[in-house]
Each structure stands twice: as C-alpha cells, then as structure tokens.
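K.L.:
Contents of coords.cif (mmCIF, C-alpha atoms and all ligand atoms) are below:
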```cif
data_coords
#
loop_
_atom_site.label_atom_id
_atom_site.label_comp_id
_atom_site.auth_asym_id
_atom_site.auth_seq_id
_atom_site.Cartn_x
_atom_site.Cartn_y
_atom_site.Cartn_z
CA MET X 1 -154.75 -19.02 127.54
CA ARG X 2 -151.81 -18.06 129.74
CA SER X 3 -151.26 -14.28 129.64
CA THR X 4 -147.67 -14.27 130.96
CA PRO X 5 -144.81 -16.71 130.58
CA ARG X 6 -144.17 -19.13 133.44
CA ILE X 7 -142.02 -17.29 135.96
CA PRO X 8 -139.85 -19.26 138.34
CA ASP X 9 -140.23 -17.86 141.82
CA ALA X 10 -138.32 -18.47 145.03
CA ILE X 11 -141.48 -19.47 146.90
CA GLY X 12 -142.85 -21.46 144.00
CA ARG X 13 -139.56 -23.27 143.49
CA ALA X 14 -139.23 -24.04 147.19
CA ARG X 15 -142.60 -25.76 146.99
CA GLY X 16 -141.68 -27.50 143.78
CA GLY X 17 -144.08 -25.44 141.70
CA TRP X 18 -144.25 -22.29 139.63
CA MET X 19 -145.67 -18.89 140.39
CA GLU X 20 -147.96 -17.78 137.62
CA ARG X 21 -151.10 -15.73 137.19
CA GLY X 22 -154.33 -17.49 138.00
CA ALA X 23 -157.83 -16.04 137.87
CA LEU X 24 -158.30 -12.28 137.77
CA LEU X 25 -159.59 -11.40 141.26
CA TYR X 26 -159.90 -7.65 140.93
CA GLU X 27 -159.31 -4.95 138.35
CA GLY X 28 -158.71 -1.37 139.39
CA LYS X 29 -157.91 1.71 137.32
CA ALA X 30 -154.14 1.15 137.33
CA LYS X 31 -153.69 -2.43 138.55
CA GLN X 32 -155.00 -5.98 138.24
CA VAL X 33 -154.83 -8.57 141.00
CA PHE X 34 -154.47 -12.23 140.06
CA ALA X 35 -154.80 -15.35 142.17
CA THR X 36 -151.88 -17.78 142.33
CA SER X 37 -151.65 -21.47 143.11
CA ASP X 38 -151.01 -20.41 146.73
CA PRO X 39 -154.19 -18.98 148.31
CA SER X 40 -152.11 -16.72 150.58
CA LEU X 41 -150.38 -15.00 147.64
CA VAL X 42 -151.56 -12.79 144.78
CA ILE X 43 -149.86 -11.25 141.77
CA ILE X 44 -150.37 -7.52 141.33
CA HIS X 45 -149.97 -6.40 137.72
CA PHE X 46 -149.24 -2.71 137.15
CA LYS X 47 -151.09 -1.53 134.03
CA ASP X 48 -149.99 1.17 131.59
CA ASP X 49 -153.33 2.95 132.12
CA ALA X 50 -153.47 6.42 133.63
CA THR X 51 -156.75 7.81 134.94
CA ALA X 52 -157.77 10.99 136.69
CA PHE X 53 -160.93 12.47 138.21
CA ASN X 54 -162.23 9.04 139.21
CA GLY X 55 -161.74 7.56 135.75
CA VAL X 56 -163.24 10.44 133.76
CA LYS X 57 -159.89 11.16 132.07
CA LYS X 58 -158.02 8.14 130.71
CA ALA X 59 -154.90 7.36 128.69
CA SER X 60 -152.49 4.51 128.09
CA ILE X 61 -148.89 5.46 128.82
CA GLY X 62 -146.33 3.00 127.41
CA GLY X 63 -143.96 1.80 130.14
CA LYS X 64 -145.95 3.28 133.04
CA GLY X 65 -146.71 -0.13 134.55
CA ALA X 66 -143.05 -1.14 134.58
CA ILE X 67 -141.95 2.21 136.05
CA ASN X 68 -144.58 2.04 138.80
CA CYS X 69 -143.75 -1.59 139.61
CA ALA X 70 -140.04 -0.72 139.87
CA LEU X 71 -140.70 2.37 142.01
CA THR X 72 -143.05 0.51 144.33
CA THR X 73 -140.55 -2.31 144.83
CA HIS X 74 -137.74 0.16 145.52
CA LEU X 75 -139.72 2.34 147.90
CA PHE X 76 -141.24 -0.65 149.73
CA ASP X 77 -137.64 -1.75 150.42
CA ALA X 78 -136.82 1.69 151.84
CA VAL X 79 -139.89 1.65 154.05
CA ALA X 80 -139.21 -1.91 155.24
CA ALA X 81 -135.67 -0.90 156.17
CA ALA X 82 -137.25 1.65 158.52
CA GLY X 83 -139.33 -1.08 160.16
CA VAL X 84 -142.70 -0.74 158.41
CA SER X 85 -143.91 -4.07 156.96
CA HIS X 86 -145.54 -4.21 153.54
CA HIS X 87 -147.39 -6.82 151.53
CA ALA X 88 -144.85 -7.40 148.74
CA VAL X 89 -142.87 -10.64 148.54
CA ARG X 90 -140.83 -10.00 145.40
CA ARG X 91 -140.95 -8.59 141.92
CA LEU X 92 -141.63 -11.31 139.37
CA ASN X 93 -141.01 -9.38 136.17
CA GLU X 94 -141.16 -5.79 134.87
CA THR X 95 -144.80 -5.24 135.72
CA ASP X 96 -145.78 -7.95 138.22
CA LEU X 97 -145.31 -8.01 141.97
CA LEU X 98 -145.91 -11.12 144.07
CA CYS X 99 -147.69 -10.03 147.25
CA ARG X 100 -149.26 -11.53 150.32
CA LYS X 101 -153.04 -11.50 150.06
CA VAL X 102 -154.39 -8.89 152.46
CA GLU X 103 -157.80 -7.47 153.26
CA ILE X 104 -157.51 -3.85 152.15
CA VAL X 105 -158.73 -1.36 154.77
CA GLY X 106 -161.43 0.83 153.21
CA VAL X 107 -159.70 4.04 154.22
CA GLU X 108 -157.09 6.00 152.25
CA VAL X 109 -154.55 7.70 154.46
CA VAL X 110 -153.14 10.95 153.06
CA VAL X 111 -150.16 12.73 154.60
CA ARG X 112 -149.55 16.34 153.60
CA ASN X 113 -146.34 18.30 154.07
CA VAL X 114 -147.24 21.26 151.87
CA VAL X 115 -150.69 22.53 150.87
CA ALA X 116 -151.89 21.26 147.48
CA GLY X 117 -154.80 19.61 145.71
CA SER X 118 -158.05 19.03 147.56
CA PHE X 119 -156.76 20.61 150.80
CA ALA X 120 -155.98 23.86 148.95
CA LYS X 121 -159.46 23.89 147.37
CA ARG X 122 -161.38 22.83 150.48
CA TYR X 123 -159.86 25.44 152.80
CA GLY X 124 -158.92 28.19 150.32
CA VAL X 125 -155.19 28.03 151.11
CA ALA X 126 -152.63 28.69 148.37
CA GLU X 127 -150.89 25.64 146.90
CA GLY X 128 -147.27 25.56 148.00
CA THR X 129 -147.94 26.86 151.53
CA PRO X 130 -145.81 24.76 153.89
CA LEU X 131 -147.57 23.05 156.81
CA ALA X 132 -145.97 23.41 160.25
CA THR X 133 -146.02 19.63 160.76
CA PRO X 134 -147.12 16.74 158.54
CA LEU X 135 -150.91 16.47 158.54
CA VAL X 136 -152.82 13.19 158.27
CA GLU X 137 -156.25 13.03 156.61
CA LEU X 138 -158.52 10.02 156.11
CA PHE X 139 -160.71 9.43 153.04
CA VAL X 140 -163.24 6.71 152.33
CA LYS X 141 -161.94 4.37 149.62
CA SER X 142 -164.98 4.49 147.37
CA ASP X 143 -165.12 5.35 143.67
CA ALA X 144 -168.92 5.50 143.90
CA LEU X 145 -168.71 8.23 146.57
CA ASN X 146 -165.65 9.97 145.05
CA ASP X 147 -163.43 9.17 148.07
CA PRO X 148 -164.95 11.63 150.59
CA LEU X 149 -162.99 13.01 153.56
CA ILE X 150 -163.97 11.26 156.80
CA ASN X 151 -163.15 11.67 160.49
CA ASP X 152 -162.01 8.98 162.94
CA ASP X 153 -165.39 8.60 164.65
CA ALA X 154 -167.19 8.06 161.35
CA VAL X 155 -164.55 5.52 160.27
CA VAL X 156 -165.34 3.50 163.42
CA MET X 157 -169.10 4.07 163.12
CA LEU X 158 -169.07 2.75 159.54
CA ALA X 159 -166.86 -0.17 160.66
CA LEU X 160 -164.19 0.74 158.10
CA ALA X 161 -161.49 0.35 160.74
CA ARG X 162 -161.15 -0.17 164.49
CA PRO X 163 -159.81 2.60 166.75
CA TRP X 164 -156.44 0.82 167.20
CA GLU X 165 -156.17 0.41 163.43
CA ILE X 166 -156.75 4.13 162.86
CA ALA X 167 -154.08 5.00 165.43
CA TRP X 168 -151.65 2.47 163.93
CA MET X 169 -152.25 3.64 160.35
CA LYS X 170 -151.74 7.30 161.27
CA GLU X 171 -148.48 6.56 163.05
CA ALA X 172 -147.26 4.28 160.24
CA ALA X 173 -148.25 6.87 157.62
CA LEU X 174 -146.16 9.53 159.37
CA GLU X 175 -143.19 7.16 159.53
CA ILE X 176 -143.56 6.22 155.85
CA ASN X 177 -143.86 9.92 155.03
CA ARG X 178 -140.60 10.59 156.90
CA VAL X 179 -138.77 7.83 154.99
CA LEU X 180 -140.12 8.95 151.61
CA CYS X 181 -139.43 12.66 152.25
CA ASP X 182 -135.81 11.69 153.02
CA PHE X 183 -135.62 9.51 149.92
CA TRP X 184 -137.01 12.11 147.52
CA GLY X 185 -135.14 14.91 149.30
CA GLY X 186 -131.90 13.08 148.46
CA LEU X 187 -132.86 13.48 144.80
CA ASN X 188 -133.65 17.19 145.22
CA ILE X 189 -137.38 16.48 145.08
CA SER X 190 -139.92 17.54 147.73
CA MET X 191 -142.72 15.11 148.54
CA ILE X 192 -145.67 17.46 148.95
CA ASP X 193 -148.23 14.82 149.92
CA ALA X 194 -148.93 11.13 149.44
CA LYS X 195 -151.70 8.58 149.79
CA PHE X 196 -151.14 5.26 151.54
CA GLU X 197 -153.30 2.15 151.80
CA PHE X 198 -153.03 -0.58 154.38
CA GLY X 199 -154.09 -4.21 154.53
CA ARG X 200 -154.99 -6.68 157.26
CA LEU X 201 -152.74 -9.72 157.43
CA ASP X 202 -152.79 -12.32 160.23
CA GLY X 203 -154.29 -9.92 162.78
CA ARG X 204 -151.94 -7.04 162.03
CA LEU X 205 -151.70 -4.24 159.50
CA VAL X 206 -149.16 -3.82 156.72
CA LEU X 207 -148.56 -1.18 154.07
CA ALA X 208 -150.29 -2.32 150.87
CA ASP X 209 -151.11 -1.12 147.35
CA GLU X 210 -148.27 0.90 145.78
CA LEU X 211 -145.82 3.73 146.31
CA THR X 212 -145.64 5.63 143.02
CA ALA X 213 -145.97 9.10 141.56
CA ASP X 214 -149.63 8.25 140.82
CA GLY X 215 -150.37 8.61 144.53
CA ALA X 216 -147.94 11.32 145.60
CA ARG X 217 -147.05 14.88 144.66
CA LEU X 218 -143.37 15.30 143.84
CA TRP X 219 -142.02 18.76 143.11
CA GLU X 220 -138.47 19.41 141.95
CA ARG X 221 -136.76 21.73 144.42
CA GLY X 222 -135.81 25.10 143.00
CA THR X 223 -137.92 24.92 139.86
CA GLY X 224 -141.18 23.57 141.32
CA ARG X 225 -141.44 21.26 138.28
CA LYS X 226 -144.07 18.60 138.92
CA LEU X 227 -142.86 15.02 138.57
CA ASP X 228 -146.12 13.25 139.41
CA LYS X 229 -149.57 12.46 138.06
CA ASP X 230 -150.68 16.09 138.37
CA VAL X 231 -148.98 16.65 134.98
CA PHE X 232 -151.66 14.35 133.56
CA ARG X 233 -154.53 15.60 135.74
CA ARG X 234 -153.74 19.23 134.86
CA ASP X 235 -152.34 18.77 131.30
CA LEU X 236 -148.98 20.26 132.31
CA ALA X 237 -146.65 17.91 130.43
CA ASP X 238 -146.37 14.47 128.90
CA LEU X 239 -146.88 11.89 131.67
CA GLY X 240 -144.77 9.21 129.97
CA GLU X 241 -141.82 11.61 129.60
CA THR X 242 -142.26 12.80 133.19
CA TYR X 243 -142.32 9.26 134.59
CA ARG X 244 -139.29 8.23 132.50
CA GLU X 245 -137.45 11.28 133.88
CA LEU X 246 -138.42 10.29 137.42
CA TYR X 247 -137.25 6.71 136.75
CA ARG X 248 -133.87 8.00 135.47
CA ARG X 249 -133.46 10.11 138.60
CA VAL X 250 -134.16 7.15 140.88
CA PHE X 251 -132.40 4.35 139.00
CA GLY X 252 -129.85 6.39 137.02
CA SER X 253 -130.58 5.02 133.56
P1 LIG X 301 -155.76 15.29 147.11
O1 LIG X 301 -156.63 14.97 148.30
O2 LIG X 301 -155.05 16.60 147.26
O3 LIG X 301 -156.48 15.15 145.81
O4 LIG X 301 -154.64 14.16 147.07
C1 LIG X 301 -153.67 14.05 148.08
C2 LIG X 301 -152.61 13.04 147.67
O5 LIG X 301 -153.18 11.74 147.66
C3 LIG X 301 -152.06 13.26 146.27
O6 LIG X 301 -150.68 12.92 146.27
C4 LIG X 301 -152.84 12.29 145.39
O7 LIG X 301 -152.06 11.83 144.31
C5 LIG X 301 -153.12 11.18 146.38
N1 LIG X 301 -154.44 10.55 146.16
C6 LIG X 301 -155.62 10.89 146.72
N2 LIG X 301 -156.59 10.09 146.28
C7 LIG X 301 -156.03 9.23 145.42
C8 LIG X 301 -156.54 8.13 144.64
O8 LIG X 301 -157.71 7.78 144.67
N3 LIG X 301 -155.64 7.48 143.85
C9 LIG X 301 -154.31 7.83 143.82
N4 LIG X 301 -153.47 7.16 143.01
N5 LIG X 301 -153.80 8.84 144.56
C10 LIG X 301 -154.66 9.54 145.34
#
```
Represent the structure of the file as structure tokens.
Ligand code: 5GP

P.N.:
Amino acid sequence: MRSTPRIPDAIGRARGGWMERGALLYEGKAKQVFATSDPSLVIIHFKDDATAFNGVKKASIGGKGAINCALTTHLFDAVAAAGVSHHAVRRLNETDLLCRKVEIVGVEVVVRNVVAGSFAKRYGVAEGTPLATPLVELFVKSDALNDPLINDDAVVMLALARPWEIAWMKEAALEINRVLCDFWGGLNISMIDAKFEFGRLDGRLVLADELTADGARLWERGTGRKLDKDVFRRDLADLGETYRELYRRVFGS
C-alpha cells in the first residue's frame, strides 16, 4: 500500500512521471530513506522519533519530522549560497526531502566553537569554555562501536576515507560552521558545536544527511537557554516545545 500521496515533482514531471516513495532502503533513528523510480534519487523522510545515548532513550515528538525537514532545507540553502554543495534536490512535502543518492562517508565530522558534551568530559574542561579557533574532530559512524573518536591516519588505515577526502571534509566543515554560526548568530543564538556528514557523488563529496538541532548545540545568547536536543538528552525541557520555539525563531510563525 502507498504510504504517502502521489507528489508531483519538478524532476518527475519533466520526465513525465511522478516522484513517490518506493522501497525502504534504510531506516535510521530519526530518518527513513526510500528508493524512487529514478535510481539516482532517494526520498529522505524525517521521522518524529527522538533518540539519545545511541537509542537507549526514545520518544516520539509530534511535528519534529516536519520541523527538522524545514530546518534542513533552509540551512542547506544557506550553505549552498556559500558555495558548499549538498545532496538535496527539493522538499516534497512537510517531512520528505528528495535527495541525490550518495554513498555516505563513514566518518562524522564535528566542529566545536565552545567546549561542551563529549569534549568537556574527555578532557575535563568546563562546558561553555570558548575555543580560540573552531576545532574539527572526526568520529567513526558506527552505532555498534558508539561512534568512537578517530584520527586521520586511522581513518585512512580503515579505508573510511581517502586523505584528500579528509582534507576536503575538514575544510568544508569549517566553511559550513562559519555559515551556520552567522545564521544562528543573526537570531541571537550561538552554535556551540555541530556534526556534519558527507556523501560521495560522481567522484566528489557533498554535504549530506541533515542540518538540525538534533546534530548541533544551540544556546540562546544572554540566557544560555538550550535550543537543541540536549534538552531531551539531559531532561532540561520539553523537546517538542523547544523545537517549535526554534522553528518560530527561524520562520517567524
Ligand atoms: P558530542 O561529541 O559533544 O557528543 O557531540 C558534538 C556535536 O555533534 C553535538 O552537537 C551533537 O549533537 C552532535 N553529534 C555527535 N554525534 C551525533 C550523532 O550520532 N547524531 C546526532 N544527531 N548528532 C551527533
């Protein structure tokens, strides 16, 4: 049975067809990836599910999928305007994004502007300590291993990425970080850190996955109020309320 209504799409229409969900290719904690009639395109569906601590803590947050799909689309546009390509083609409906099919690089790239989270714990530095310059860290993308920290040499040794890919991803991550810090700064919000994922597409790399408050720390300037998934991880506030507040600040309604 079809799980979504038929959605006319620019690409689909141009080819005289329709763009609709095909087989489920992959299911992650917060997203599903569906095939389409075009083997080079997939539909990413943003779920309402919230998870933390590698899936140990779970909840369903009404409207989260739509908010994250809208934020990702908006922030991908901002990043593209600065010259960084991404995998999205267009938003199909509230929760579904049509994307180019990429081979996801098995490395998560984290950029930190202020000490928080695992960096604070690992090195015994107080959360909130500013870093002199943005810092890039690499983690293995592996739920089974709990996403361990990894260095460049081990990334190459394990064939997770080639040396040029590591260099490219680090540079792109810093540029994306710059764009997003400017964006959130304009809303009186500091981006403390963020995680980016990249995909291989036709011999090059593009930004992939999502840009949401699930994968970034966003602190309101002045109050320090957290407007990201840490409110769920740390039981600080209602995640649905927090994400709706963030949505209102970005989109104004
Ligand atoms: P930390 O290493 O301090 O736990 O996380 C650093 C940043 O990367 C935070 O903004 C966090 O939300 C993000 N991050 C790290 N790993 C993951 C992950 O597996 N999933 C998501 N959504 N974000 C992550």

K.L.:
Kindly provide, as an MDAnalysis selection string, all nucleotide and amino acid residues lying within 8 Å of ligand LIG 301 (chain X), counting all atoms listed in the file.

P.N.:
chainID X and resid 54 108 110:112 116:120 139 141 143 147 192:196 212:217 228:230

K.L.:
Could you check the closest approach to Asp77 in chain X for each of X:Ile176, X:Gly222, X:Arg204, X:Ala154 and tell me which residue wins, using all atoms listed in the file?

P.N.:
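The closest residue to Asp77 in chain X is X:Ile176.
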
K.L.:
Give me, as a tab-separated table, each residue of range 53-72 of chain X that comes within 7 Å of range 27-47 of chain X, together with its shortest interatomic pair and the distance in Å at one decimal, counting only C-alpha atoms, with rows ordered by chain and rising residue number.

P.N.:
```
residue	atom	partner	partner_atom	distance
X:Gly65	CA	X:Phe46	CA	4.5
X:Ala66	CA	X:Phe46	CA	6.9
X:Asn68	CA	X:Phe46	CA	6.9
X:Cys69	CA	X:Phe46	CA	6.1
```

K.L.:
Rounded to one decimal place, report the CA of Ala172 in chain X-CA of Val156 in chain X distance in Å.

P.N.:
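Between these atoms lies a distance of 18.4 Å.
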
K.L.:
Just the number, please: distance in Å from CA of Asn188 in chain X to CA of Arg249 in chain X, one decimal.

P.N.:
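Rounded to one decimal, the two atoms are 9.7 Å apart.
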
K.L.:
Just checking: using all atoms listed in the file, which residue out of X:Met19, X:Ala126, X:Ala161, X:Leu71 ends up closest to Leu138 in chain X?

P.N.:
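Using all atoms listed in the file, the shortest distance to Leu138 in chain X belongs to X:Ala161.
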
K.L.:
How far is it from CA of Glu171 in chain X to CA of Leu135 in chain X, in Å with one decimal?

P.N.:
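Distance between the two atoms: 11.2 Å.
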
K.L.:
Name the closest residue to Arg178 in chain X among the candidates X:Leu145, X:Ala78, X:Val105, X:Leu246; distances are taken between atoms, counting all atoms listed in the file.

P.N.:
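Smallest distance to Arg178 in chain X is found for X:Ala78.
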
K.L.:
Give the answer as one residue: which of X:Arg200, X:Lys226, X:Arg122, X:Lys170 has the shortest atom-to-atom distance to Val102 in chain X, using all atoms listed in the file?

P.N.:
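Among the listed residues, the smallest separation from Val102 in chain X belongs to X:Arg200.
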
K.L.:
Go through X:Ala88, X:Arg234, X:Pro134, X:Lys58 one by one, measure the shortest atom-to-atom distance of each to Glu175 in chain X using only C-alpha atoms, and give the residue with the smallest value.

P.N.:
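Closest residue, counting only C-alpha atoms: X:Pro134.
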
K.L.:
Could you rebuild range 88-103 of chain X with N, CA, C and O atoms and give me the result as a PDB file, in the frame of the given file?

P.N.:
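File selection_10.pdb, as written:
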```pdb
ATOM      1  N   ALA X  88    -145.558  -6.832 149.898  1.00  0.00           N
ATOM      2  CA  ALA X  88    -144.850  -7.400 148.740  1.00  0.00           C
ATOM      3  C   ALA X  88    -143.893  -8.512 149.160  1.00  0.00           C
ATOM      4  O   ALA X  88    -143.260  -8.449 150.209  1.00  0.00           O
ATOM      5  N   VAL X  89    -143.815  -9.536 148.334  1.00  0.00           N
ATOM      6  CA  VAL X  89    -142.870 -10.640 148.540  1.00  0.00           C
ATOM      7  C   VAL X  89    -141.663 -10.440 147.640  1.00  0.00           C
ATOM      8  O   VAL X  89    -140.534 -10.390 148.085  1.00  0.00           O
ATOM      9  N   ARG X  90    -141.909 -10.313 146.342  1.00  0.00           N
ATOM     10  CA  ARG X  90    -140.830 -10.000 145.400  1.00  0.00           C
ATOM     11  C   ARG X  90    -141.400  -9.651 144.036  1.00  0.00           C
ATOM     12  O   ARG X  90    -142.533 -10.002 143.707  1.00  0.00           O
ATOM     13  N   ARG X  91    -140.558  -8.952 143.279  1.00  0.00           N
ATOM     14  CA  ARG X  91    -140.950  -8.590 141.920  1.00  0.00           C
ATOM     15  C   ARG X  91    -140.729  -9.794 141.026  1.00  0.00           C
ATOM     16  O   ARG X  91    -139.666 -10.427 141.068  1.00  0.00           O
ATOM     17  N   LEU X  92    -141.734 -10.133 140.225  1.00  0.00           N
ATOM     18  CA  LEU X  92    -141.630 -11.310 139.370  1.00  0.00           C
ATOM     19  C   LEU X  92    -141.092 -10.983 137.990  1.00  0.00           C
ATOM     20  O   LEU X  92    -140.381 -11.764 137.381  1.00  0.00           O
ATOM     21  N   ASN X  93    -141.498  -9.849 137.475  1.00  0.00           N
ATOM     22  CA  ASN X  93    -141.010  -9.380 136.170  1.00  0.00           C
ATOM     23  C   ASN X  93    -141.246  -7.877 136.122  1.00  0.00           C
ATOM     24  O   ASN X  93    -141.568  -7.271 137.148  1.00  0.00           O
ATOM     25  N   GLU X  94    -141.104  -7.263 134.967  1.00  0.00           N
ATOM     26  CA  GLU X  94    -141.160  -5.790 134.870  1.00  0.00           C
ATOM     27  C   GLU X  94    -142.420  -5.188 135.489  1.00  0.00           C
ATOM     28  O   GLU X  94    -142.374  -4.133 136.101  1.00  0.00           O
ATOM     29  N   THR X  95    -143.536  -5.866 135.329  1.00  0.00           N
ATOM     30  CA  THR X  95    -144.800  -5.240 135.720  1.00  0.00           C
ATOM     31  C   THR X  95    -145.557  -5.983 136.817  1.00  0.00           C
ATOM     32  O   THR X  95    -146.645  -5.552 137.204  1.00  0.00           O
ATOM     33  N   ASP X  96    -145.011  -7.115 137.290  1.00  0.00           N
ATOM     34  CA  ASP X  96    -145.780  -7.950 138.220  1.00  0.00           C
ATOM     35  C   ASP X  96    -145.065  -8.114 139.556  1.00  0.00           C
ATOM     36  O   ASP X  96    -143.874  -8.441 139.611  1.00  0.00           O
ATOM     37  N   LEU X  97    -145.839  -7.915 140.613  1.00  0.00           N
ATOM     38  CA  LEU X  97    -145.310  -8.010 141.970  1.00  0.00           C
ATOM     39  C   LEU X  97    -146.065  -9.134 142.697  1.00  0.00           C
ATOM     40  O   LEU X  97    -147.294  -9.131 142.732  1.00  0.00           O
ATOM     41  N   LEU X  98    -145.300 -10.074 143.246  1.00  0.00           N
ATOM     42  CA  LEU X  98    -145.910 -11.120 144.070  1.00  0.00           C
ATOM     43  C   LEU X  98    -146.131 -10.545 145.463  1.00  0.00           C
ATOM     44  O   LEU X  98    -145.202  -9.995 146.065  1.00  0.00           O
ATOM     45  N   CYS X  99    -147.360 -10.642 145.954  1.00  0.00           N
ATOM     46  CA  CYS X  99    -147.690 -10.030 147.250  1.00  0.00           C
ATOM     47  C   CYS X  99    -148.469 -11.001 148.114  1.00  0.00           C
ATOM     48  O   CYS X  99    -149.150 -11.892 147.609  1.00  0.00           O
ATOM     49  N   ARG X 100    -148.387 -10.785 149.423  1.00  0.00           N
ATOM     50  CA  ARG X 100    -149.260 -11.530 150.320  1.00  0.00           C
ATOM     51  C   ARG X 100    -150.686 -10.991 150.126  1.00  0.00           C
ATOM     52  O   ARG X 100    -150.881  -9.800 149.919  1.00  0.00           O
ATOM     53  N   LYS X 101    -151.634 -11.908 150.212  1.00  0.00           N
ATOM     54  CA  LYS X 101    -153.040 -11.500 150.060  1.00  0.00           C
ATOM     55  C   LYS X 101    -153.469 -10.825 151.362  1.00  0.00           C
ATOM     56  O   LYS X 101    -153.330 -11.433 152.437  1.00  0.00           O
ATOM     57  N   VAL X 102    -153.935  -9.610 151.263  1.00  0.00           N
ATOM     58  CA  VAL X 102    -154.390  -8.890 152.460  1.00  0.00           C
ATOM     59  C   VAL X 102    -155.842  -8.451 152.256  1.00  0.00           C
ATOM     60  O   VAL X 102    -156.339  -8.430 151.127  1.00  0.00           O
ATOM     61  N   GLU X 103    -156.474  -8.094 153.348  1.00  0.00           N
ATOM     62  CA  GLU X 103    -157.800  -7.470 153.260  1.00  0.00           C
ATOM     63  C   GLU X 103    -157.572  -5.963 153.323  1.00  0.00           C
ATOM     64  O   GLU X 103    -157.152  -5.431 154.356  1.00  0.00           O
TER      65      GLU X 103
END
```
